[in-house]
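J.: Just so it is clear, I am handing over run26.cif, which has mmCIF, C-alpha atoms.
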data_entry
#
loop_
_atom_site.label_atom_id
_atom_site.label_comp_id
_atom_site.auth_asym_id
_atom_site.auth_seq_id
_atom_site.Cartn_x
_atom_site.Cartn_y
_atom_site.Cartn_z
CA GLN A 1 -9.32 25.26 -1.08
CA LYS A 2 -6.63 22.57 -1.06
CA GLU A 3 -5.64 20.92 2.21
CA VAL A 4 -1.99 21.82 1.57
CA GLU A 5 -0.91 25.00 -0.17
CA GLN A 6 2.54 25.51 -1.65
CA ASP A 7 3.84 28.27 -3.91
CA PRO A 8 4.81 26.65 -7.24
CA GLY A 9 7.63 29.13 -7.94
CA PRO A 10 9.98 29.01 -9.70
CA LEU A 11 12.27 30.36 -7.01
CA SER A 12 15.59 31.52 -8.46
CA VAL A 13 18.58 32.14 -6.19
CA PRO A 14 22.35 32.48 -6.63
CA GLU A 15 24.69 29.77 -5.42
CA GLY A 16 25.43 30.11 -1.70
CA ALA A 17 22.09 31.73 -0.83
CA ILE A 18 19.82 30.60 1.98
CA VAL A 19 16.60 29.20 0.57
CA SER A 20 13.28 29.19 2.41
CA LEU A 21 10.47 26.93 1.20
CA ASN A 22 7.08 26.91 2.86
CA CYS A 23 3.73 25.17 3.02
CA THR A 24 0.51 25.99 4.81
CA TYR A 25 -2.21 23.51 5.63
CA SER A 26 -5.76 23.48 6.90
CA ASN A 27 -6.14 20.09 8.63
CA SER A 28 -5.15 20.43 12.29
CA ALA A 29 -4.99 16.62 12.59
CA PHE A 30 -1.81 16.42 10.51
CA GLN A 31 1.07 15.32 12.73
CA TYR A 32 3.66 13.78 10.39
CA PHE A 33 5.46 16.21 8.09
CA MET A 34 7.91 15.47 5.30
CA TRP A 35 9.89 17.22 2.63
CA TYR A 36 10.73 15.46 -0.61
CA ARG A 37 13.09 16.53 -3.39
CA GLN A 38 12.22 15.54 -6.94
CA TYR A 39 14.55 15.87 -9.89
CA SER A 40 13.08 15.97 -13.38
CA ARG A 41 11.73 12.58 -14.48
CA LYS A 42 12.69 10.94 -11.16
CA GLY A 43 10.72 9.75 -8.17
CA PRO A 44 10.48 11.90 -5.01
CA GLU A 45 13.40 11.46 -2.60
CA LEU A 46 12.73 11.82 1.13
CA LEU A 47 14.79 14.70 2.54
CA MET A 48 13.42 15.48 5.98
CA TYR A 49 10.87 13.99 8.35
CA THR A 50 9.38 15.67 11.40
CA TYR A 51 6.80 14.46 13.90
CA SER A 52 4.58 17.13 15.44
CA SER A 53 6.03 20.59 16.11
CA GLY A 54 9.64 21.64 16.33
CA ASN A 55 12.83 21.85 14.33
CA LYS A 56 15.03 19.22 12.78
CA GLU A 57 18.44 19.78 11.23
CA ASP A 58 20.38 17.55 8.84
CA GLY A 59 23.49 19.01 7.27
CA ARG A 60 22.52 22.02 5.17
CA PHE A 61 18.79 21.34 5.65
CA THR A 62 16.53 22.49 8.49
CA ALA A 63 12.85 21.63 8.73
CA GLN A 64 10.48 23.58 10.97
CA VAL A 65 6.90 22.83 11.92
CA ASP A 66 4.61 25.36 13.58
CA LYS A 67 1.35 23.54 14.27
CA SER A 68 -0.25 26.58 15.91
CA SER A 69 0.07 28.46 12.62
CA LYS A 70 -0.36 25.36 10.41
CA TYR A 71 2.87 26.29 8.67
CA ILE A 72 5.95 24.26 7.78
CA SER A 73 9.27 25.37 6.34
CA LEU A 74 12.40 23.92 4.82
CA PHE A 75 15.61 25.96 4.89
CA ILE A 76 18.58 25.16 2.69
CA ARG A 77 21.88 26.79 3.65
CA ASP A 78 24.75 27.39 1.21
CA SER A 79 22.56 26.36 -1.72
CA GLN A 80 24.27 24.56 -4.61
CA PRO A 81 23.32 24.20 -8.29
CA SER A 82 22.74 20.49 -7.52
CA ASP A 83 19.90 21.60 -5.21
CA SER A 84 17.94 22.72 -8.28
CA ALA A 85 14.83 20.53 -8.20
CA THR A 86 11.18 20.57 -7.20
CA TYR A 87 10.58 20.42 -3.45
CA LEU A 88 7.37 18.81 -2.26
CA CYS A 89 5.94 19.10 1.23
CA ALA A 90 3.82 16.18 2.43
CA MET A 91 1.90 15.43 5.58
CA SER A 92 -0.39 12.88 7.13
CA THR A 93 -2.61 12.31 10.14
CA GLY A 94 -1.28 8.80 10.75
CA PHE A 95 0.31 5.96 8.82
CA GLN A 96 -1.93 6.15 5.80
CA LYS A 97 -1.84 8.40 2.77
CA LEU A 98 0.36 11.41 2.41
CA VAL A 99 -1.22 14.67 1.28
CA PHE A 100 1.16 16.65 -0.90
CA GLY A 101 1.63 20.27 -1.82
CA THR A 102 1.96 20.99 -5.51
CA GLY A 103 5.72 21.50 -5.20
CA THR A 104 8.05 24.50 -5.47
CA ARG A 105 10.54 24.54 -8.31
CA LEU A 106 13.95 25.81 -7.12
CA LEU A 107 16.67 27.04 -9.48
CA VAL A 108 20.14 27.70 -8.06
CA SER A 109 22.41 29.48 -10.49
CA PRO A 110 26.25 29.19 -10.35
CA GLY B 1 20.00 -2.10 -0.22
CA ALA B 2 17.72 -1.93 -3.22
CA GLY B 3 15.06 0.72 -3.27
CA VAL B 4 11.52 0.57 -4.63
CA SER B 5 11.47 -0.55 -8.24
CA GLN B 6 8.72 -0.08 -10.80
CA SER B 7 8.14 -1.44 -14.27
CA PRO B 8 7.80 -0.51 -16.99
CA SER B 9 9.47 2.88 -16.73
CA ASN B 10 7.46 4.11 -19.69
CA LYS B 11 4.25 2.80 -21.21
CA VAL B 12 2.49 4.12 -24.30
CA THR B 13 -0.91 2.65 -25.00
CA GLU B 14 -3.95 3.32 -27.11
CA LYS B 15 -7.21 4.56 -25.68
CA GLY B 16 -9.38 1.65 -24.60
CA LYS B 17 -6.55 -0.79 -23.91
CA ASP B 18 -5.82 -2.26 -20.48
CA VAL B 19 -2.45 -1.69 -18.77
CA GLU B 20 -0.68 -3.26 -15.81
CA LEU B 21 1.90 -1.42 -13.75
CA ARG B 22 4.17 -3.27 -11.34
CA CYS B 23 5.78 -2.23 -8.05
CA ASP B 24 8.45 -4.08 -6.07
CA PRO B 25 8.73 -2.51 -2.60
CA ILE B 26 11.80 -2.41 -0.42
CA SER B 27 12.36 -5.86 1.06
CA GLY B 28 10.60 -6.24 4.39
CA HIS B 29 8.35 -3.21 3.95
CA THR B 30 4.80 -4.22 4.80
CA ALA B 31 3.04 -1.00 3.76
CA LEU B 32 2.71 -0.06 0.09
CA TYR B 33 1.12 2.96 -1.55
CA TRP B 34 0.21 4.01 -5.08
CA TYR B 35 0.09 7.66 -6.08
CA ARG B 36 -0.47 9.47 -9.37
CA GLN B 37 1.35 12.61 -10.44
CA SER B 38 -0.06 14.67 -13.28
CA LEU B 39 0.49 18.20 -14.51
CA GLY B 40 -1.61 20.64 -12.59
CA GLN B 41 -2.79 18.04 -10.06
CA GLY B 42 0.36 17.30 -8.13
CA LEU B 43 0.75 13.98 -6.33
CA GLU B 44 -2.54 12.24 -5.57
CA PHE B 45 -3.07 9.20 -3.40
CA LEU B 46 -4.68 6.18 -5.05
CA ILE B 47 -4.55 3.15 -2.70
CA TYR B 48 -2.77 1.85 0.41
CA PHE B 49 -1.88 -1.76 1.24
CA GLN B 50 -0.95 -3.13 4.63
CA GLY B 51 0.27 -6.61 3.87
CA ASN B 52 -2.05 -8.00 1.20
CA SER B 53 -5.14 -6.10 2.30
CA ALA B 54 -6.12 -2.62 1.16
CA PRO B 55 -7.69 -0.68 4.05
CA ASP B 56 -7.85 2.51 1.99
CA LYS B 57 -8.89 2.53 -1.67
CA SER B 58 -10.46 5.96 -1.48
CA GLY B 59 -8.17 7.55 -4.07
CA LEU B 60 -8.97 5.23 -6.96
CA PRO B 61 -10.65 7.58 -9.47
CA SER B 62 -13.05 5.07 -11.03
CA ASP B 63 -13.90 1.38 -11.19
CA ARG B 64 -11.55 1.08 -14.15
CA PHE B 65 -8.70 1.21 -11.62
CA SER B 66 -7.84 -1.76 -9.44
CA ALA B 67 -4.80 -2.99 -7.56
CA GLU B 68 -3.68 -6.11 -5.83
CA ARG B 69 -0.76 -7.22 -3.74
CA THR B 70 0.38 -10.79 -3.37
CA GLY B 71 2.70 -12.40 -0.84
CA GLY B 72 2.95 -9.12 1.01
CA SER B 73 5.41 -7.92 -1.60
CA VAL B 74 4.81 -7.14 -5.29
CA SER B 75 1.82 -5.01 -6.23
CA THR B 76 0.11 -4.53 -9.58
CA LEU B 77 -2.02 -1.54 -10.53
CA THR B 78 -4.39 -2.28 -13.40
CA ILE B 79 -6.17 0.32 -15.48
CA GLN B 80 -8.88 -1.02 -17.75
CA ARG B 81 -10.16 0.71 -20.89
CA THR B 82 -7.60 3.50 -20.56
CA GLN B 83 -8.62 7.08 -21.28
CA GLN B 84 -6.44 10.03 -22.24
CA GLU B 85 -6.98 11.59 -18.82
CA ASP B 86 -5.23 8.56 -17.30
CA SER B 87 -1.94 9.84 -18.73
CA ALA B 88 0.30 10.57 -15.75
CA VAL B 89 3.26 9.27 -13.79
CA TYR B 90 2.22 6.46 -11.47
CA LEU B 91 4.38 6.28 -8.37
CA CYS B 92 4.71 3.53 -5.81
CA ALA B 93 6.02 3.99 -2.28
CA SER B 94 6.70 1.66 0.61
CA ARG B 95 7.12 1.99 4.38
CA PRO B 96 8.50 -0.49 6.91
CA GLY B 97 5.19 -1.05 8.71
CA VAL B 98 3.11 -0.14 11.74
CA ALA B 99 5.83 -1.21 14.16
CA THR B 100 7.79 1.88 13.15
CA ARG B 101 6.06 4.88 14.63
CA ASN B 102 6.48 7.16 11.65
CA ASN B 103 5.10 7.55 8.15
CA GLU B 104 8.31 7.91 6.12
CA GLN B 105 7.45 6.64 2.66
CA PHE B 106 10.12 5.78 0.09
CA PHE B 107 9.24 6.22 -3.55
CA GLY B 108 10.16 4.37 -6.70
CA PRO B 109 11.08 6.06 -9.99
CA GLY B 110 7.54 5.85 -11.35
CA THR B 111 5.90 4.59 -14.53
CA ARG B 112 5.15 7.26 -17.11
CA LEU B 113 1.87 6.31 -18.80
CA THR B 114 0.83 7.95 -22.04
CA VAL B 115 -2.58 7.16 -23.50
CA LEU B 116 -2.92 8.13 -27.15
#
Please express the file's structure as structure tokens.
T.:
Amino acid sequence: QKEVEQDPGPLSVPEGAIVSLNCTYSNSAFQYFMWYRQYSRKGPELLMYTYSSGNKEDGRFTAQVDKSSKYISLFIRDSQPSDSATYLCAMSTGFQKLVFGTGTRLLVSP
Amino acid sequence: GAGVSQSPSNKVTEKGKDVELRCDPISGHTALYWYRQSLGQGLEFLIYFQGNSAPDKSGLPSDRFSAERTGGSVSTLTIQRTQQEDSAVYLCASRPGVATRNNEQFFGPGTRLTVL
């Protein structure tokens, strides 16, 4: 079993929909949680960062961490075709390596 | 300011040849990481530098892989006697350093390595 599990998708939604992306993990020592967006043939771009449990909002994006359930989520409101990309969750115990999910491919149709 | 840069962007080599991949981190970032992204494996950690030292090399898949960092800035990842299974995108990331109490890592565009 992988340390971080993420549904690969693809997840197809119409423009304007609310998108929910999720990851589960097994290592209770993880305390830094990140979401990256990766367009085809580009490097991952940091979208959201959260320390420990709680919610964080930035524009159309909301990140949630539930450490008791070992579950993190990224919500995208008013999704746009430009949001079509692969979304990677990542987490770490400290300042060392990030452990990534496999990524969820999102397709937003006009 | 400038982000993380990597060169070359693409590298095609023959099996058995050595390759060198270069990473220029964001100016002032003391922590540097190498990851590998391949189909079906996702993003895998290779090595972490803090300054010029590498406290974590646990992700290097074999002794054919090595990396160094000089002057606390540029890093080179070397793969000797390349094999077809080394084909992947090699990504570099940097972070400001231990003084910042977070682990936000900023990635470069990657080097796409193809071993024929």
J.: Given the file shown, determine the residues that the PyMOL selection byres ((chain B) within 8 of (chain A)) selects; report them as a PyMOL selection string.
T.: chain B and resi 33+40-45+48+56+91+98+102-110
J.: Keeping C-alpha atoms for every residue in the selection just given, could you write it to a file as a CSV table (one decimal), in the frame of the given file?
T.:
chain,number,residue,atom,x,y,z
B,33,TYR,CA,1.1,3.0,-1.6
B,40,GLY,CA,-1.6,20.6,-12.6
B,41,GLN,CA,-2.8,18.0,-10.1
B,42,GLY,CA,0.4,17.3,-8.1
B,43,LEU,CA,0.8,14.0,-6.3
B,44,GLU,CA,-2.5,12.2,-5.6
B,45,PHE,CA,-3.1,9.2,-3.4
B,48,TYR,CA,-2.8,1.8,0.4
B,56,ASP,CA,-7.8,2.5,2.0
B,91,LEU,CA,4.4,6.3,-8.4
B,98,VAL,CA,3.1,-0.1,11.7
B,102,ASN,CA,6.5,7.2,11.6
B,103,ASN,CA,5.1,7.6,8.2
B,104,GLU,CA,8.3,7.9,6.1
B,105,GLN,CA,7.4,6.6,2.7
B,106,PHE,CA,10.1,5.8,0.1
B,107,PHE,CA,9.2,6.2,-3.6
B,108,GLY,CA,10.2,4.4,-6.7
B,109,PRO,CA,11.1,6.1,-10.0
B,110,GLY,CA,7.5,5.8,-11.4
J.: Extract, using all atoms listed in the file, all DNA, RNA and protein residues at most 6 Å from region 69-78 of chain A, discarding same-chain residues fewer than 5 positions from it, and format them as a list of chain:residue names.
T.: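 The filter keeps A:Gly16, A:Ala17, A:Ile18, A:Val19, A:Ser20, A:Leu21, A:Asn22, A:Cys23, A:Thr24, A:Tyr25, A:Arg60, A:Phe61, A:Thr62, A:Ala63, A:Gln64.
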J.: Enumerate, as a PyMOL selection string, the residues matched when the PyMOL selection byres ((chain B and resi 82) around 10) is run on the file above.
T.: chain B and resi 13-19+64-65+78-81+83-87+114-116
J.: Please expand the PyMOL selection byres ((chain B and resi 76) around 7) into the concrete residues it hits in this file, giving the result as a list in words.
T.: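 Listing what the PyMOL selection byres ((chain B and resi 76) around 7) selects in the shown file: Glu20, Leu21, Arg22, Cys23, Ala67, Glu68, Arg69, Val74, Ser75, Leu77 and Thr78 of chain B.
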J.: Do you know which residues are at most 6 Å from Pro81 (chain A) counting only C-alpha atoms, after dropping those on the same chain fewer than 2 positions away, and could you put them as a list of chain:residue names?
T.: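 Those residues are A:Asp83, A:Ser84, A:Val108, A:Ser109.
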J.: May I ask for the distance between CA of Asn10 (chain B) and CA of Ser66 (chain B), given in Å to one decimal place?
T.: 19.3 Å
J.: Just how far from CA of Ser9 (chain B) is CA of Leu46 (chain B), in Å to one decimal?
T.: 18.6 Å
J.: Between CA of Ser12 (chain A) and CA of Leu106 (chain A), what is the distance, to one decimal in Å?
T.: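 Computed distance, CA of Ser12 (chain A) to CA of Leu106 (chain A), equals 6.1 Å.
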